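Q: Just one file: model_1.txt, with compact mmCIF, C-alpha atoms.
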# COMPACT_ATOMS: atom_id res chain seq x y z
CA MET J 1 -2.16 -14.00 -5.76
CA LYS J 2 -0.01 -16.28 -3.61
CA GLU J 3 -0.87 -18.24 -0.51
CA GLN J 4 0.20 -16.71 2.76
CA ARG J 5 3.40 -18.00 4.31
CA GLU J 6 3.47 -20.22 7.38
CA GLY J 7 3.88 -18.17 10.56
CA PHE J 8 2.45 -15.12 8.78
CA ARG J 9 1.68 -12.12 11.00
CA SER J 10 -0.39 -9.44 9.34
CA PHE J 11 0.17 -5.75 9.90
CA MET J 12 -2.98 -4.80 8.00
CA ALA J 13 -4.63 -3.56 11.22
CA ALA J 14 -2.04 -0.77 11.36
CA ALA J 15 -2.69 0.10 7.71
CA LEU J 16 -6.43 0.21 8.44
CA GLU J 17 -5.74 2.64 11.33
CA GLU J 18 -3.96 4.92 8.87
CA ALA J 19 -6.88 4.64 6.44
CA ARG J 20 -9.36 5.62 9.16
CA ALA J 21 -7.18 8.63 10.08
CA ALA J 22 -7.06 9.64 6.39
CA ALA J 23 -10.87 9.54 6.20
CA LEU J 24 -11.11 11.78 9.27
CA ARG J 25 -8.90 14.30 7.42
CA GLY J 26 -11.27 14.17 4.42
CA GLU J 27 -8.84 12.08 2.38
CA VAL J 28 -9.69 8.88 0.50
CA PRO J 29 -9.27 6.24 3.23
CA VAL J 30 -6.16 4.37 2.17
CA GLY J 31 -3.45 3.48 4.65
CA ALA J 32 -0.05 1.87 4.34
CA VAL J 33 2.66 0.56 6.62
CA ILE J 34 6.14 -0.74 5.86
CA VAL J 35 7.54 -3.50 8.03
CA ARG J 36 11.07 -4.82 8.51
CA GLY J 37 11.87 -7.68 10.84
CA GLY J 38 8.41 -7.68 12.38
CA GLU J 39 8.51 -3.96 13.21
CA VAL J 40 6.58 -1.13 11.58
CA ILE J 41 9.16 1.43 10.44
CA ALA J 42 6.90 3.71 8.37
CA ARG J 43 3.19 4.41 8.23
CA ALA J 44 1.04 6.82 6.29
CA GLY J 45 -2.43 7.57 5.03
CA ASN J 46 -3.41 9.44 1.90
CA ARG J 47 -2.63 13.17 2.02
CA THR J 48 -3.22 14.27 -1.58
CA ARG J 49 -5.68 17.01 -0.67
CA GLU J 50 -3.89 18.19 2.47
CA LEU J 51 -0.55 18.50 0.67
CA ALA J 52 -2.04 19.52 -2.71
CA ASP J 53 0.12 16.74 -4.15
CA PRO J 54 -1.25 14.07 -6.49
CA THR J 55 1.67 11.79 -5.55
CA ALA J 56 0.91 11.87 -1.80
CA HIS J 57 -0.68 8.41 -1.82
CA ALA J 58 -0.30 6.37 1.36
CA GLU J 59 2.17 4.00 -0.32
CA MET J 60 4.36 6.81 -1.67
CA LEU J 61 4.51 8.58 1.69
CA ALA J 62 5.32 5.34 3.52
CA ILE J 63 8.03 4.45 0.98
CA ARG J 64 9.60 7.91 1.35
CA GLU J 65 9.67 7.60 5.14
CA ALA J 66 11.02 4.02 5.06
CA CYS J 67 13.80 5.09 2.69
CA ARG J 68 14.67 7.96 5.03
CA VAL J 69 14.80 5.57 8.00
CA ALA J 70 16.83 3.00 6.04
CA GLY J 71 19.14 5.64 4.60
CA SER J 72 18.70 4.07 1.18
CA GLU J 73 16.47 4.19 -1.88
CA ARG J 74 16.30 0.37 -1.72
CA LEU J 75 13.98 -1.38 0.72
CA THR J 76 15.05 -4.99 0.36
CA GLY J 77 14.01 -6.94 3.43
CA HIS J 78 10.90 -4.75 3.83
CA ASP J 79 7.21 -5.55 3.32
CA LEU J 80 4.40 -3.13 2.43
CA TYR J 81 0.84 -3.47 3.71
CA VAL J 82 -1.73 -1.25 2.03
CA THR J 83 -5.51 -1.27 2.33
CA LEU J 84 -6.19 -0.84 -1.41
CA GLU J 85 -4.57 -2.34 -4.49
CA PRO J 86 -1.82 0.09 -5.51
CA CYS J 87 -2.31 2.30 -8.56
CA PRO J 88 0.24 2.13 -11.41
CA MET J 89 2.29 5.01 -9.93
CA CYS J 90 2.56 3.29 -6.56
CA ALA J 91 3.23 -0.13 -8.11
CA ALA J 92 6.14 1.38 -10.06
CA ALA J 93 7.49 2.94 -6.84
CA ILE J 94 7.15 -0.42 -5.04
CA SER J 95 9.23 -2.02 -7.79
CA ALA J 96 11.82 0.77 -7.79
CA ALA J 97 12.18 0.52 -4.00
CA ARG J 98 12.73 -3.25 -4.31
CA LEU J 99 10.22 -4.08 -1.58
CA ASP J 100 10.18 -7.84 -0.90
CA ARG J 101 6.45 -8.32 -0.43
CA LEU J 102 3.22 -6.43 -1.07
CA TYR J 103 0.12 -7.25 0.95
CA TYR J 104 -3.04 -5.41 -0.03
CA GLY J 105 -6.67 -5.44 1.02
CA ALA J 106 -9.39 -4.36 -1.38
CA ALA J 107 -9.09 -4.78 -5.13
CA ASP J 108 -9.32 -1.59 -7.19
CA PRO J 109 -11.03 -2.43 -10.50
CA LYS J 110 -11.09 1.26 -11.49
CA SER J 111 -7.53 2.41 -10.76
CA GLY J 112 -5.53 -0.65 -9.73
CA GLY J 113 -2.09 -1.24 -11.15
CA VAL J 114 -1.32 -4.74 -9.87
CA ALA J 115 -4.11 -7.22 -10.66
CA VAL J 116 -6.11 -5.03 -13.06
CA GLY J 117 -5.39 -2.11 -15.35
CA ALA J 118 -1.72 -1.50 -16.04
CA ARG J 119 -0.52 -4.65 -14.21
CA VAL J 120 2.85 -3.01 -13.67
CA PHE J 121 4.56 -6.11 -12.31
CA SER J 122 3.70 -8.08 -15.46
CA HIS J 123 5.63 -5.81 -17.83
CA PRO J 124 9.07 -6.85 -19.09
CA GLN J 125 10.28 -3.32 -18.20
CA CYS J 126 9.54 -4.00 -14.52
CA HIS J 127 12.94 -4.67 -12.99
CA HIS J 128 11.75 -6.03 -9.64
CA VAL J 129 8.56 -7.93 -8.84
CA PRO J 130 7.64 -8.32 -5.17
CA GLU J 131 5.71 -11.28 -3.85
CA VAL J 132 2.06 -10.18 -3.91
CA TYR J 133 -0.65 -11.26 -1.48
CA ASP J 134 -4.12 -9.82 -2.01
CA GLY J 135 -7.39 -9.83 -0.10
CA ILE J 136 -5.91 -9.18 3.38
CA ALA J 137 -8.79 -7.62 5.41
CA ALA J 138 -10.39 -6.79 2.05
CA ALA J 139 -13.97 -6.62 3.36
CA GLU J 140 -13.11 -4.01 6.00
CA ALA J 141 -11.04 -1.92 3.61
CA GLU J 142 -13.72 -2.05 0.93
CA ALA J 143 -16.50 -1.15 3.38
CA MET J 144 -14.50 1.87 4.57
CA LEU J 145 -14.03 3.10 1.00
CA LYS J 146 -17.70 2.56 0.08
CA GLN J 147 -18.88 4.43 3.18
CA PHE J 148 -16.48 7.30 2.50
CA PHE J 149 -17.73 7.80 -1.06
CA ALA J 150 -21.41 7.25 -0.16
CA GLU J 151 -21.17 10.09 2.38
CA ARG J 152 -19.88 12.42 -0.32
CA ARG J 153 -22.61 11.75 -2.89
Is it possible to give me this structure as structure tokens?
A:
Amino acid sequence: MKEQREGFRSFMAAALEEARAAALRGEVPVGAVIVRGGEVIARAGNRTRELADPTAHAEMLAIREACRVAGSERLTGHDLYVTLEPCPMCAAAISAARLDRLYYGAADPKSGGVAVGARVFSHPQCHHVPEVYDGIAAAEAEAMLKQFFAERR
């Protein structure tokens, strides 16, 4: 959506590690990390099946942990890296948490909530819109998802 900033350092490799760990647990391979000041402060992979919780998406779990670490429900000054375009639920949580930037890998034409579908950040009711950068390590993230679902068919 936007061009990457000069001096950009991606933390998508850490998010991809979380996605691989999620796949090994039998979860949809999506991983997320939250960064502040060049340091990963929270990381998570999907755990919806393990926790029997439809809200246990990687982004939601990482946001919860980052808020705990920050001691606040607001994550200004923080960036989120996630391997798949966030769904509408996660996009709304990203806005509510006031994350500065969202970096995501693969597009999600079926369930995305940022560039397709609900386009949460485009609504006038959305109180905070992060900077959005898409396509970061998209090929690797997409290949991981395709392999995961192909093995289950």
Q: Mind giving me the straight-line distance from atom CA of His123 of chain J to atom CA of His78 of chain J in Å, one decimal?
A: 22.3 Å
Q: Please put the answer as JSON: centre and edge lengths, in Å with one decimal, of a box along x, y and z that encloses all listed atoms of segment 37-46 of chain J plus 5 Å on each side.
A:
{"center_x": 4.2, "center_y": 0.9, "center_z": 7.6, "size_x": 25.3, "size_y": 27.1, "size_z": 21.3}
Q: What is the atom CA of Ala21 of chain J-atom CA of Val40 of chain J distance in Å, reported with one decimal?
A: 16.9 Å
Q: For Val35 of chain J, find every residue with an atom within 7 Å (counting all atoms listed in the file), except residues of its own chain fewer than 6 positions away, and show them as a count of residues only.
A: 4
Q: Just the residues within 8 Å of Pro86 of chain J, please, counting all atoms listed in the file, with nothing from its chain fewer than 3 positions along; format it as a PDB file with C-alpha atoms, keeping the file's coordinate frame.
A:
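Just written: out_5.pdb:
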ATOM      1  CA  GLU J  59       2.170   4.000  -0.320  1.00  0.00           C
ATOM      2  CA  VAL J  82      -1.730  -1.250   2.030  1.00  0.00           C
ATOM      3  CA  MET J  89       2.290   5.010  -9.930  1.00  0.00           C
ATOM      4  CA  CYS J  90       2.560   3.290  -6.560  1.00  0.00           C
ATOM      5  CA  ALA J  91       3.230  -0.130  -8.110  1.00  0.00           C
ATOM      6  CA  TYR J 104      -3.040  -5.410  -0.030  1.00  0.00           C
ATOM      7  CA  ASP J 108      -9.320  -1.590  -7.190  1.00  0.00           C
ATOM      8  CA  GLY J 112      -5.530  -0.650  -9.730  1.00  0.00           C
ATOM      9  CA  GLY J 113      -2.090  -1.240 -11.150  1.00  0.00           C
ATOM     10  CA  VAL J 114      -1.320  -4.740  -9.870  1.00  0.00           C
TER      11      VAL J 114
END
Q: Here is a test: counting only C-alpha atoms, which residue of J:Gly71, J:Gly105, J:Pro54, J:Gly38 is nearest to Leu16 of chain J?
A: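 Among the listed residues, the smallest separation from Leu16 of chain J belongs to J:Gly105.
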Q: What is the distance, in Å and to one decimal place, between atom CA of Leu24 of chain J and atom CA of Met12 of chain J?
A: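 Here the two named atoms are 18.5 Å from each other.
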Q: Please provide as a PDB file with C-alpha atoms, keeping the file's coordinate frame all residues within 9 Å of Arg49 of chain J, with the sequence filter that same-chain residues fewer than 4 positions apart are discarded (counting only C-alpha atoms).
A:
ATOM      1  CA  GLY J  26     -11.270  14.170   4.420  1.00  0.00           C
ATOM      2  CA  GLU J  27      -8.840  12.080   2.380  1.00  0.00           C
ATOM      3  CA  ASP J  53       0.120  16.740  -4.150  1.00  0.00           C
ATOM      4  CA  PRO J  54      -1.250  14.070  -6.490  1.00  0.00           C
ATOM      5  CA  ALA J  56       0.910  11.870  -1.800  1.00  0.00           C
TER       6      ALA J  56
END
Q: Write out as JSON, numbers by chain each polymer residue whose atoms come within 6 Å of Asn46 of chain J, counting only C-alpha atoms; drop sequence neighbours fewer than 5 positions from it.
A: {"J": [22, 30, 57, 58]}
Q: Extract, using all atoms listed in the file, all DNA, RNA and protein residues at most 12 Å from Met144 of chain J, discarding same-chain residues fewer than 5 positions from it, and format them as a PyMOL selection string.
A: chain J and resi 16-24+27-31+83-84+105-106+137-139+149-151
Q: Residues proximal to (0.7, -9.2, 11.4) were defined as those with any atom within 12 Å of that point in the file's coordinates, counting all atoms listed in the file. Which are they, as JSON, numbers by chain?
A: {"J": [4, 5, 7, 8, 9, 10, 11, 12, 13, 14, 15, 33, 34, 35, 36, 37, 38, 39, 40, 79, 80, 81, 103, 136, 137]}
Q: With all atoms listed in the file as the atoms that count, which of J:Ala52, J:Cys87, J:Ala44, J:Ala70 lies nearest to Val116 of chain J?
A: J:Cys87
Q: Would you please work out which residue, of J:Ala107, J:Glu85, J:Ala32, J:Leu145, is nearest to Arg64 of chain J when using only C-alpha atoms?
A: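 Using only C-alpha atoms, the shortest distance to Arg64 of chain J belongs to J:Ala32.
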Q: Ranking J:Ala92, J:Ala66, J:Leu51, J:Ala42 by minimum distance to Ser122 of chain J and counting all atoms listed in the file, which one comes first?
A: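 Using all atoms listed in the file, Ser122 of chain J sits closest to J:Ala92.
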Q: Determine the nearest neighbour of His128 of chain J from the options J:Ile94, J:Leu102, J:Val69, J:Leu61, counting only C-alpha atoms.
A: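 That would be J:Ile94, the residue with the smallest distance to His128 of chain J.
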